[in-house]
$ cat upload31.csv   # CSV, C-alpha atoms
chain,number,residue,atom,x,y,z
J,58,MET,CA,-101.5,-64.8,-70.4
J,59,ILE,CA,-104.0,-64.4,-67.6
J,60,GLU,CA,-107.6,-63.9,-68.6
J,61,ALA,CA,-110.7,-63.2,-66.6
J,62,VAL,CA,-114.1,-63.6,-68.2
J,63,ASN,CA,-117.3,-62.4,-66.4
J,64,LEU,CA,-115.4,-63.0,-63.1
J,65,THR,CA,-117.7,-62.7,-60.1
J,66,LYS,CA,-117.4,-63.3,-56.4
J,67,LYS,CA,-120.0,-62.7,-53.7
J,68,PHE,CA,-119.9,-62.9,-49.9
J,69,ASP,CA,-123.5,-63.3,-48.8
J,70,ASP,CA,-125.2,-60.3,-50.3
J,71,ILE,CA,-122.0,-58.4,-50.9
J,72,VAL,CA,-120.7,-58.4,-54.5
J,73,ALA,CA,-116.9,-58.2,-54.1
J,74,VAL,CA,-116.0,-58.7,-57.7
J,75,ASP,CA,-118.6,-58.0,-60.3
J,76,LYS,CA,-118.3,-59.5,-63.8
J,77,ILE,CA,-114.7,-58.5,-64.5
J,78,ASN,CA,-113.3,-59.0,-67.9
J,79,ALA,CA,-109.6,-58.5,-68.2
J,80,GLN,CA,-106.5,-59.8,-70.1
J,81,ILE,CA,-103.0,-59.5,-68.6
J,82,ARG,CA,-100.4,-60.1,-71.2
J,83,ASP,CA,-97.1,-61.7,-70.5
J,84,GLY,CA,-93.9,-59.7,-69.9
J,85,SER,CA,-95.8,-56.6,-68.6
J,86,VAL,CA,-96.6,-55.1,-65.3
J,87,PHE,CA,-100.3,-54.9,-64.6
J,88,GLY,CA,-101.4,-52.6,-61.8
J,89,LEU,CA,-104.7,-53.0,-60.0
J,90,ILE,CA,-105.7,-49.7,-58.4
J,91,GLY,CA,-108.6,-49.2,-56.0
J,92,THR,CA,-109.6,-48.2,-52.5
J,93,ASN,CA,-110.1,-50.7,-49.7
J,94,GLY,CA,-113.1,-52.8,-50.6
J,95,ALA,CA,-112.8,-52.2,-54.4
J,96,GLY,CA,-112.2,-55.9,-55.0
J,97,LYS,CA,-108.4,-56.0,-55.6
J,98,SER,CA,-107.6,-58.7,-53.0
J,99,THR,CA,-110.5,-60.8,-54.0
J,100,PHE,CA,-109.5,-60.7,-57.6
J,101,LEU,CA,-105.9,-61.8,-56.7
J,102,ARG,CA,-107.2,-64.5,-54.5
J,103,MET,CA,-109.3,-65.9,-57.3
J,104,ALA,CA,-106.3,-65.6,-59.6
J,105,ALA,CA,-104.2,-67.5,-57.1
J,106,GLY,CA,-106.9,-70.2,-56.7
J,107,VAL,CA,-107.5,-69.4,-53.0
J,108,LEU,CA,-111.1,-68.5,-53.8
J,109,LYS,CA,-113.4,-70.2,-56.3
J,110,PRO,CA,-115.4,-67.8,-58.5
J,111,ASP,CA,-119.2,-67.8,-58.1
J,112,GLU,CA,-119.5,-67.0,-61.8
J,113,GLY,CA,-117.2,-66.7,-64.8
J,114,THR,CA,-113.6,-68.0,-65.1
J,115,ILE,CA,-110.0,-66.9,-64.6
J,116,THR,CA,-107.3,-68.8,-66.4
J,117,ILE,CA,-103.5,-68.9,-66.6
J,118,ASP,CA,-102.3,-69.9,-70.0
J,119,GLY,CA,-105.7,-71.4,-70.7
J,120,MET,CA,-105.8,-73.4,-67.4
J,121,GLU,CA,-108.4,-72.7,-64.8
J,122,VAL,CA,-106.7,-72.1,-61.5
J,123,PHE,CA,-108.9,-73.3,-58.7
J,124,GLU,CA,-107.7,-76.7,-57.4
J,125,ASN,CA,-105.3,-77.0,-60.4
J,126,GLU,CA,-101.8,-77.9,-59.2
J,127,GLU,CA,-100.2,-77.4,-62.6
J,128,ALA,CA,-101.6,-73.9,-62.9
J,129,LYS,CA,-100.5,-73.0,-59.4
J,130,LYS,CA,-96.9,-73.8,-60.3
J,131,ARG,CA,-96.9,-70.9,-62.7
J,132,PHE,CA,-97.2,-68.1,-60.0
J,133,PHE,CA,-96.2,-67.0,-56.6
J,134,TYR,CA,-98.7,-65.1,-54.5
J,135,ILE,CA,-97.6,-62.4,-52.0
J,136,SER,CA,-100.6,-61.7,-49.8
J,137,ASP,CA,-101.2,-58.5,-48.0
J,138,ASP,CA,-102.0,-60.6,-44.9
J,139,GLN,CA,-98.7,-62.5,-45.0
J,140,HIS,CA,-98.5,-66.0,-43.6
J,141,PHE,CA,-95.4,-67.8,-42.5
J,142,PHE,CA,-95.1,-71.1,-40.6
J,143,SER,CA,-95.1,-70.7,-36.8
J,144,ASN,CA,-91.6,-70.0,-35.5
J,145,ALA,CA,-90.2,-70.3,-39.0
J,146,THR,CA,-87.0,-68.6,-40.1
J,147,PRO,CA,-86.5,-67.3,-43.7
J,148,ARG,CA,-84.3,-70.4,-44.3
J,149,ASP,CA,-87.1,-72.6,-43.2
J,150,MET,CA,-89.4,-70.9,-45.8
J,151,MET,CA,-86.7,-71.3,-48.4
J,152,VAL,CA,-86.6,-75.1,-47.8
J,153,TYR,CA,-90.4,-75.3,-48.0
J,154,TYR,CA,-90.7,-73.3,-51.2
J,155,LYS,CA,-87.9,-75.3,-52.8
J,156,MET,CA,-90.2,-78.3,-52.5
J,157,VAL,CA,-93.1,-76.5,-54.0
J,158,TYR,CA,-91.2,-74.7,-56.7
J,159,PRO,CA,-88.5,-76.9,-58.3
J,160,SER,CA,-86.9,-73.9,-60.0
J,161,PHE,CA,-86.4,-72.1,-56.6
J,162,ASP,CA,-83.0,-70.4,-56.8
J,163,LYS,CA,-81.3,-71.0,-53.4
J,164,GLU,CA,-78.1,-69.2,-54.3
J,165,ARG,CA,-80.0,-66.1,-55.3
J,166,PHE,CA,-82.1,-66.3,-52.1
J,167,HIS,CA,-78.9,-66.3,-50.0
J,168,GLY,CA,-77.5,-63.4,-52.0
J,169,LEU,CA,-80.7,-61.2,-51.7
J,170,MET,CA,-81.0,-61.9,-48.0
J,171,ARG,CA,-77.5,-60.6,-47.6
J,172,SER,CA,-78.2,-57.6,-49.8
J,173,PHE,CA,-81.3,-56.7,-47.8
J,174,ASP,CA,-79.3,-57.2,-44.6
J,175,LEU,CA,-81.8,-59.9,-43.3
J,176,ASP,CA,-80.8,-62.7,-41.0
J,177,GLU,CA,-81.8,-66.1,-42.5
J,178,ARG,CA,-81.8,-67.8,-39.1
J,179,ARG,CA,-83.9,-65.2,-37.2
J,180,LYS,CA,-87.5,-66.1,-36.5
J,181,ILE,CA,-89.8,-64.2,-38.9
J,182,ASN,CA,-92.3,-63.4,-36.2
J,183,THR,CA,-89.7,-61.1,-34.7
J,184,PHE,CA,-89.4,-59.1,-38.0
J,185,SER,CA,-91.1,-55.8,-38.6
J,186,LYS,CA,-93.8,-55.5,-41.2
J,187,GLY,CA,-91.4,-54.1,-43.7
J,188,MET,CA,-88.9,-56.9,-43.1
J,189,LYS,CA,-91.6,-59.5,-43.6
J,190,LYS,CA,-92.5,-57.9,-46.9
J,191,GLN,CA,-88.9,-58.1,-48.0
J,192,VAL,CA,-88.7,-61.8,-47.1
J,193,SER,CA,-91.9,-62.4,-49.1
J,194,VAL,CA,-90.6,-60.6,-52.1
J,195,ILE,CA,-87.2,-62.4,-52.0
J,196,CYS,CA,-89.0,-65.8,-51.8
J,197,GLY,CA,-91.3,-64.7,-54.7
J,198,VAL,CA,-88.6,-63.7,-57.1
J,199,CYS,CA,-86.5,-66.7,-56.2
J,200,ALA,CA,-89.3,-69.1,-56.9
J,201,GLY,CA,-88.7,-68.7,-60.6
J,202,THR,CA,-92.4,-68.5,-61.6
J,203,ASP,CA,-93.8,-66.8,-64.7
J,204,TYR,CA,-96.2,-64.7,-62.7
J,205,LEU,CA,-95.9,-62.8,-59.4
J,206,PHE,CA,-99.1,-61.7,-57.6
J,207,CYS,CA,-98.5,-58.8,-55.2
J,208,ASP,CA,-101.2,-57.5,-52.9
J,209,GLU,CA,-100.1,-54.2,-51.4
J,210,THR,CA,-96.5,-55.4,-51.6
J,211,PHE,CA,-95.0,-51.9,-51.3
J,212,ASP,CA,-97.1,-51.0,-48.2
J,213,GLY,CA,-94.7,-51.0,-45.2
J,214,LEU,CA,-91.5,-50.6,-47.3
J,215,ASP,CA,-89.5,-47.4,-47.0
J,216,PRO,CA,-88.7,-45.5,-50.2
J,217,VAL,CA,-85.3,-47.0,-50.6
J,218,MET,CA,-86.6,-50.6,-50.3
J,219,ARG,CA,-89.5,-49.8,-52.7
J,220,GLN,CA,-87.1,-48.8,-55.4
J,221,ALA,CA,-84.9,-51.8,-54.7
J,222,VAL,CA,-87.9,-54.1,-55.1
J,223,LYS,CA,-89.0,-52.3,-58.3
J,224,SER,CA,-85.4,-52.8,-59.7
J,225,ILE,CA,-85.6,-56.5,-58.9
J,226,PHE,CA,-88.9,-56.8,-60.7
J,227,ALA,CA,-87.5,-54.9,-63.7
J,228,ASN,CA,-84.5,-57.1,-63.9
J,229,ASP,CA,-86.5,-60.3,-63.8
J,230,MET,CA,-88.9,-59.0,-66.4
J,231,GLU,CA,-85.9,-58.4,-68.7
J,232,GLU,CA,-84.0,-61.6,-68.0
J,233,ARG,CA,-86.8,-64.2,-67.7
J,234,HIS,CA,-90.0,-62.3,-68.8
J,235,LEU,CA,-91.6,-62.2,-65.3
J,236,THR,CA,-95.1,-60.8,-65.3
J,237,PRO,CA,-95.9,-59.0,-62.0
J,238,ILE,CA,-99.6,-58.2,-61.1
J,239,ILE,CA,-99.5,-55.5,-58.4
J,240,ALA,CA,-102.6,-54.4,-56.4
J,241,SER,CA,-102.3,-51.1,-54.6
J,242,HIS,CA,-104.5,-48.3,-53.3
J,243,ASN,CA,-101.8,-45.8,-54.2
J,244,LEU,CA,-101.7,-44.7,-57.8
J,245,ARG,CA,-98.4,-42.9,-57.4
J,246,GLU,CA,-96.6,-46.0,-56.2
J,247,LEU,CA,-97.1,-47.7,-59.5
J,248,GLU,CA,-96.6,-44.9,-62.0
J,249,ASP,CA,-92.9,-45.7,-62.7
J,250,ILE,CA,-93.3,-49.5,-63.1
J,251,CYS,CA,-96.7,-50.4,-64.6
J,252,ASP,CA,-97.3,-50.9,-68.3
J,253,HIS,CA,-101.1,-51.3,-67.9
J,254,VAL,CA,-103.4,-50.2,-65.1
J,255,GLY,CA,-106.9,-51.3,-64.2
J,256,LEU,CA,-109.0,-49.1,-61.9
J,257,LEU,CA,-111.3,-51.1,-59.7
J,258,HIS,CA,-114.4,-49.5,-58.2
J,259,LYS,CA,-117.2,-51.3,-56.3
J,260,GLY,CA,-116.0,-54.7,-57.6
J,261,GLY,CA,-115.8,-53.8,-61.3
J,262,ILE,CA,-113.1,-52.4,-63.6
J,263,LEU,CA,-114.0,-48.8,-64.2
J,264,LEU,CA,-111.1,-48.2,-66.5
J,265,SER,CA,-108.4,-50.5,-68.0
J,266,ARG,CA,-105.7,-48.8,-70.1
J,267,ASP,CA,-102.3,-49.3,-71.5
J,268,LEU,CA,-100.2,-46.4,-70.0
J,269,ASP,CA,-98.1,-45.7,-73.2
J,270,GLU,CA,-101.3,-45.4,-75.2
J,271,MET,CA,-102.9,-43.2,-72.6
J,272,LYS,CA,-99.9,-40.9,-72.4
J,273,MET,CA,-99.7,-40.6,-76.2
J,274,ASN,CA,-103.4,-39.7,-76.5
J,275,ILE,CA,-103.9,-37.1,-73.7
J,276,HIS,CA,-101.8,-34.0,-73.2
J,277,LYS,CA,-101.6,-30.8,-71.1
J,278,VAL,CA,-101.2,-27.5,-72.9
J,279,GLN,CA,-100.4,-24.2,-71.2
J,280,CYS,CA,-101.1,-21.3,-73.4
J,281,VAL,CA,-102.1,-17.7,-73.8
J,282,LEU,CA,-104.3,-17.4,-76.8
J,283,ALA,CA,-104.7,-14.4,-79.1
J,284,GLU,CA,-106.9,-11.6,-77.8
J,285,GLY,CA,-110.6,-12.6,-78.0
J,286,MET,CA,-109.9,-16.3,-78.9
J,287,GLU,CA,-111.5,-19.0,-76.8
J,288,PRO,CA,-110.4,-22.7,-76.4
J,289,GLU,CA,-113.6,-23.9,-78.2
J,290,GLU,CA,-112.2,-22.3,-81.3
J,291,LEU,CA,-109.2,-24.6,-81.4
J,292,SER,CA,-110.4,-26.9,-84.2
J,293,GLY,CA,-108.9,-30.3,-84.6
J,294,ILE,CA,-108.4,-31.2,-80.9
J,295,ASP,CA,-110.7,-32.4,-78.2
J,296,VAL,CA,-110.4,-30.0,-75.2
J,297,ILE,CA,-111.7,-32.1,-72.2
J,298,LYS,CA,-110.8,-29.6,-69.4
J,299,THR,CA,-110.0,-25.9,-69.2
J,300,GLU,CA,-108.4,-24.1,-66.2
J,301,ARG,CA,-107.9,-20.3,-66.2
J,302,ARG,CA,-105.6,-18.1,-64.3
J,303,GLY,CA,-106.1,-14.7,-65.9
J,304,ARG,CA,-105.2,-15.1,-69.6
J,305,LEU,CA,-103.1,-18.2,-68.9
J,306,LEU,CA,-105.0,-21.3,-69.9
J,307,THR,CA,-104.2,-24.9,-68.9
J,308,LEU,CA,-105.9,-27.2,-71.3
J,309,THR,CA,-106.2,-31.0,-71.0
J,310,VAL,CA,-106.7,-32.2,-74.6
J,311,ARG,CA,-107.1,-35.6,-76.3
J,312,GLY,CA,-105.5,-36.5,-79.6
J,313,ASP,CA,-102.3,-37.2,-81.3
J,314,LEU,CA,-99.4,-34.9,-80.1
J,315,SER,CA,-98.5,-33.8,-83.6
J,316,VAL,CA,-102.1,-32.8,-84.3
J,317,VAL,CA,-102.2,-30.9,-81.0
J,318,GLU,CA,-99.0,-29.0,-81.8
J,319,HIS,CA,-100.1,-28.2,-85.4
J,320,THR,CA,-103.4,-26.9,-84.1
J,321,MET,CA,-101.7,-24.7,-81.5
J,322,GLN,CA,-99.2,-23.3,-84.1
J,323,THR,CA,-102.0,-22.6,-86.5
J,324,ALA,CA,-103.9,-20.7,-83.8
J,325,ASP,CA,-100.8,-18.4,-83.5
J,326,PRO,CA,-101.1,-18.0,-79.7
J,327,VAL,CA,-99.0,-15.5,-77.7
J,328,PHE,CA,-97.4,-18.5,-75.9
J,329,TYR,CA,-97.9,-22.2,-75.6
J,330,GLU,CA,-96.1,-25.3,-74.4
J,331,THR,CA,-97.0,-29.0,-74.0
J,332,ILE,CA,-96.4,-30.6,-70.6
J,333,PRO,CA,-96.3,-34.3,-69.8
J,334,LEU,CA,-99.1,-35.5,-67.5
J,335,SER,CA,-98.6,-37.7,-64.5
J,336,LEU,CA,-100.4,-41.0,-64.2
J,337,GLU,CA,-102.6,-39.4,-61.6
J,338,GLU,CA,-103.6,-36.5,-63.9
J,339,ILE,CA,-104.4,-38.9,-66.7
J,340,PHE,CA,-106.6,-41.0,-64.6
J,341,ILE,CA,-108.4,-37.9,-63.1
J,342,SER,CA,-109.1,-36.8,-66.7
J,343,GLU,CA,-110.3,-40.2,-67.8
J,344,THR,CA,-112.6,-40.8,-64.8
J,345,GLU,CA,-114.1,-37.3,-64.9
J,346,VAL,CA,-115.2,-38.0,-68.5
J,347,VAL,CA,-117.2,-41.0,-67.4
J,348,GLY,CA,-118.6,-39.2,-64.4
J,349,TYR,CA,-116.3,-40.2,-61.5
J,350,ASP,CA,-113.8,-38.3,-59.4
J,351,ILE,CA,-110.7,-40.5,-58.9
J,352,LYS,CA,-109.6,-38.2,-56.1
J,353,LYS,CA,-112.5,-39.5,-54.1
J,354,LEU,CA,-111.9,-43.1,-55.2
J,355,ILE,CA,-108.1,-43.3,-54.6
J,356,PHE,CA,-106.7,-40.5,-52.6
$ encode --input "upload31.csv" --output "structure tokens"
Amino acid sequence: MIEAVNLTKKFDDIVAVDKINAQIRDGSVFGLIGTNGAGKSTFLRMAAGVLKPDEGTITIDGMEVFENEEAKKRFFYISDDQHFFSNATPRDMMVYYKMVYPSFDKERFHGLMRSFDLDERRKINTFSKGMKKQVSVICGVCAGTDYLFCDETFDGLDPVMRQAVKSIFANDMEERHLTPIIASHNLRELEDICDHVGLLHKGGILLSRDLDEMKMNIHKVQCVLAEGMEPEELSGIDVIKTERRGRLLTLTVRGDLSVVEHTMQTADPVFYETIPLSLEEIFISETEVVGYDIKKLIF
């Protein structure tokens, strides 16, 4: 498990990460969402031991990371600003990472390079941005670590490659309990892969939620109520947003689905149906409750 306690990092008078408390449980995909400057990369760099916290701690399985070789063997860090040795080829990087990570799977590396149609002997500095990201991902999953830190890893990949990378992550999670931590400015990119999402804003975590719990507790209901009835009269459910188009109402409600459906049936509306919310809609609803507009923070 990765745990941050009052984690803080400042650059002169700029607070990049502000007293973050978070737990990332093993075997799940944790998504860090936020605009540029929200603190995502700084958080990952402290998790990777690249930066030393000014205050607080971040630990991996109880071990502080900074200048701790044993802790650093537990993860592979894919930076947004990728670095490869000068004039290195993917095969050169494989040889290097095999020395750093004893469990590095060379056979899998060769197989994935072929699957991604990448030349192991070609110099990486001649690759496109997307190709470099693919090399980083291949090295990361072949390293055999328990944790994989990904900073804007899907940025620069075309849709087909994004799905391929997500499939690899899902396979490794099932087979060897890999725990990916993925930072992105795009909420939609992570909807189909993350188990838990933390929304960063101005260096702090504005919201941190388990997606399954969120989806079970918030729902969208389209309905036409009986003549003269108002949404406020629907007792037993918490209506947090109401949109009207003539008599058609779109309600965002909080509560257990069975309770919501019982309430709607009891109200005897002309028509009603429950509709699943997207991750974007859930976060918009959650942030509006605490006074933020996620559309301005993320999109």
$ closest_residue --input "upload31.csv" --among "J:Val192, J:Met286, J:Ile262, J:Leu305" --to "J:Arg148" --atoms "only C-alpha atoms"
J:Val192
$ residues_around --input "upload31.csv" --residues "J:Lys186" --least-positions-apart "5" --cutoff "9 Å" --atoms "all atoms listed in the file" --output "list of chain:residue names"
J:Gln191, J:Asp212, J:Gly213, J:Leu214
$ residues_around --input "upload31.csv" --residues "stretch 223-235 of chain J" --least-positions-apart "6" --cutoff "12 Å" --atoms "only C-alpha atoms" --output "PyMOL selection string"
chain J and resi 58+82-87+131-133+165+169+172-173+191+194-195+197-207+210-211+214+216-217+246-252
$ atom_distance --input "upload31.csv" --atom1 "atom CA of J:Phe340" --atom2 "atom CA of J:Leu291"
23.6 Å
$ closest_residue --input "upload31.csv" --among "J:Met156, J:Met218, J:Val107, J:Met151" --to "J:Cys196" --atoms "only C-alpha atoms"
J:Met151
$ closest_residue --input "upload31.csv" --among "J:Leu264, J:Ile71, J:Met273, J:Ile117" --to "J:Lys129" --atoms "all atoms listed in the file"
J:Ile117
$ atom_distance --input "upload31.csv" --atom1 "atom CA of J:Leu89" --atom2 "atom CA of J:Val222"
17.5 Å
$ atom_distance --input "upload31.csv" --atom1 "atom CA of J:Ser315" --atom2 "atom CA of J:Tyr329"
14.1 Å
$ closest_residue --input "upload31.csv" --among "J:Asn182, J:Gln80, J:Asn93, J:Ser143" --to "J:Asn243" --atoms "all atoms listed in the file"
J:Asn93
$ closest_residue --input "upload31.csv" --among "J:Glu126, J:Asp149, J:Glu60, J:Glu330" --to "J:Thr307" --atoms "all atoms listed in the file"
J:Glu330
$ residues_around --input "upload31.csv" --residues "J:His258" --least-positions-apart "5" --cutoff "8 Å" --atoms "all atoms listed in the file" --output "compact mmCIF listing (two decimals) with C-alpha atoms, keeping the file's coordinate frame"
# COMPACT_ATOMS: atom_id res chain seq x y z
CA GLY J 91 -108.60 -49.20 -56.00
CA THR J 92 -109.60 -48.20 -52.50
CA ALA J 95 -112.80 -52.20 -54.40
CA GLY J 96 -112.20 -55.90 -55.00
CA LEU J 263 -114.00 -48.80 -64.20
CA LEU J 354 -111.90 -43.10 -55.20
$ closest_residue --input "upload31.csv" --among "J:Met120, J:Ala145, J:Val62, J:Val152" --to "J:Ile181" --atoms "only C-alpha atoms"
J:Ala145
$ decode --input "upload31.csv" --residues "stretch 174-228 of chain J" --atoms "C-alpha atoms" --output "PDB file, in the first residue's frame"
ATOM      1  CA  ASP J 174       5.830  -3.009 -34.267  1.00  0.00           C
ATOM      2  CA  LEU J 175       8.798  -1.181 -32.735  1.00  0.00           C
ATOM      3  CA  ASP J 176      12.415  -1.689 -33.817  1.00  0.00           C
ATOM      4  CA  GLU J 177      14.592  -2.635 -30.829  1.00  0.00           C
ATOM      5  CA  ARG J 178      17.766  -1.521 -32.598  1.00  0.00           C
ATOM      6  CA  ARG J 179      16.567   1.895 -33.732  1.00  0.00           C
ATOM      7  CA  LYS J 180      17.716   4.913 -31.711  1.00  0.00           C
ATOM      8  CA  ILE J 181      14.937   6.145 -29.478  1.00  0.00           C
ATOM      9  CA  ASN J 182      15.680   9.800 -30.252  1.00  0.00           C
ATOM     10  CA  THR J 183      14.353   9.122 -33.774  1.00  0.00           C
ATOM     11  CA  PHE J 184      10.995   7.854 -32.409  1.00  0.00           C
ATOM     12  CA  SER J 185       7.821   9.929 -32.294  1.00  0.00           C
ATOM     13  CA  LYS J 186       6.362  11.006 -28.950  1.00  0.00           C
ATOM     14  CA  GLY J 187       3.827   8.200 -29.078  1.00  0.00           C
ATOM     15  CA  MET J 188       6.465   5.590 -29.900  1.00  0.00           C
ATOM     16  CA  LYS J 189       8.596   6.762 -26.971  1.00  0.00           C
ATOM     17  CA  LYS J 190       5.588   6.397 -24.677  1.00  0.00           C
ATOM     18  CA  GLN J 191       5.099   2.865 -25.960  1.00  0.00           C
ATOM     19  CA  VAL J 192       8.729   1.999 -25.200  1.00  0.00           C
ATOM     20  CA  SER J 193       8.332   3.403 -21.679  1.00  0.00           C
ATOM     21  CA  VAL J 194       5.175   1.394 -21.053  1.00  0.00           C
ATOM     22  CA  ILE J 195       6.794  -1.805 -22.355  1.00  0.00           C
ATOM     23  CA  CYS J 196       9.816  -1.299 -20.101  1.00  0.00           C
ATOM     24  CA  GLY J 197       7.518  -0.495 -17.191  1.00  0.00           C
ATOM     25  CA  VAL J 198       5.353  -3.609 -17.375  1.00  0.00           C
ATOM     26  CA  CYS J 199       8.354  -5.847 -18.096  1.00  0.00           C
ATOM     27  CA  ALA J 200      10.184  -4.575 -14.998  1.00  0.00           C
ATOM     28  CA  GLY J 201       7.984  -6.798 -12.861  1.00  0.00           C
ATOM     29  CA  THR J 202       7.426  -4.214 -10.121  1.00  0.00           C
ATOM     30  CA  ASP J 203       4.430  -4.101  -7.788  1.00  0.00           C
ATOM     31  CA  TYR J 204       3.608  -0.484  -8.640  1.00  0.00           C
ATOM     32  CA  LEU J 205       3.651   1.501 -11.872  1.00  0.00           C
ATOM     33  CA  PHE J 206       3.620   5.309 -11.729  1.00  0.00           C
ATOM     34  CA  CYS J 207       2.291   6.823 -14.952  1.00  0.00           C
ATOM     35  CA  ASP J 208       2.417  10.571 -15.568  1.00  0.00           C
ATOM     36  CA  GLU J 209       0.223  11.473 -18.575  1.00  0.00           C
ATOM     37  CA  THR J 210       1.104   8.078 -20.065  1.00  0.00           C
ATOM     38  CA  PHE J 211      -1.821   8.074 -22.512  1.00  0.00           C
ATOM     39  CA  ASP J 212      -0.952  11.527 -23.854  1.00  0.00           C
ATOM     40  CA  GLY J 213       0.466  11.096 -27.359  1.00  0.00           C
ATOM     41  CA  LEU J 214      -0.987   7.619 -27.899  1.00  0.00           C
ATOM     42  CA  ASP J 215      -3.619   7.078 -30.565  1.00  0.00           C
ATOM     43  CA  PRO J 216      -6.951   5.483 -29.470  1.00  0.00           C
ATOM     44  CA  VAL J 217      -5.911   1.972 -30.531  1.00  0.00           C
ATOM     45  CA  MET J 218      -2.660   2.155 -28.571  1.00  0.00           C
ATOM     46  CA  ARG J 219      -4.463   3.565 -25.529  1.00  0.00           C
ATOM     47  CA  GLN J 220      -6.739   0.545 -25.443  1.00  0.00           C
ATOM     48  CA  ALA J 221      -3.771  -1.783 -25.954  1.00  0.00           C
ATOM     49  CA  VAL J 222      -1.945  -0.246 -22.998  1.00  0.00           C
ATOM     50  CA  LYS J 223      -5.060  -0.441 -20.819  1.00  0.00           C
ATOM     51  CA  SER J 224      -5.432  -4.116 -21.752  1.00  0.00           C
ATOM     52  CA  ILE J 225      -1.828  -4.785 -20.716  1.00  0.00           C
ATOM     53  CA  PHE J 226      -2.419  -3.045 -17.383  1.00  0.00           C
ATOM     54  CA  ALA J 227      -5.601  -5.051 -16.797  1.00  0.00           C
ATOM     55  CA  ASN J 228      -3.816  -8.314 -17.615  1.00  0.00           C
TER      56      ASN J 228
END
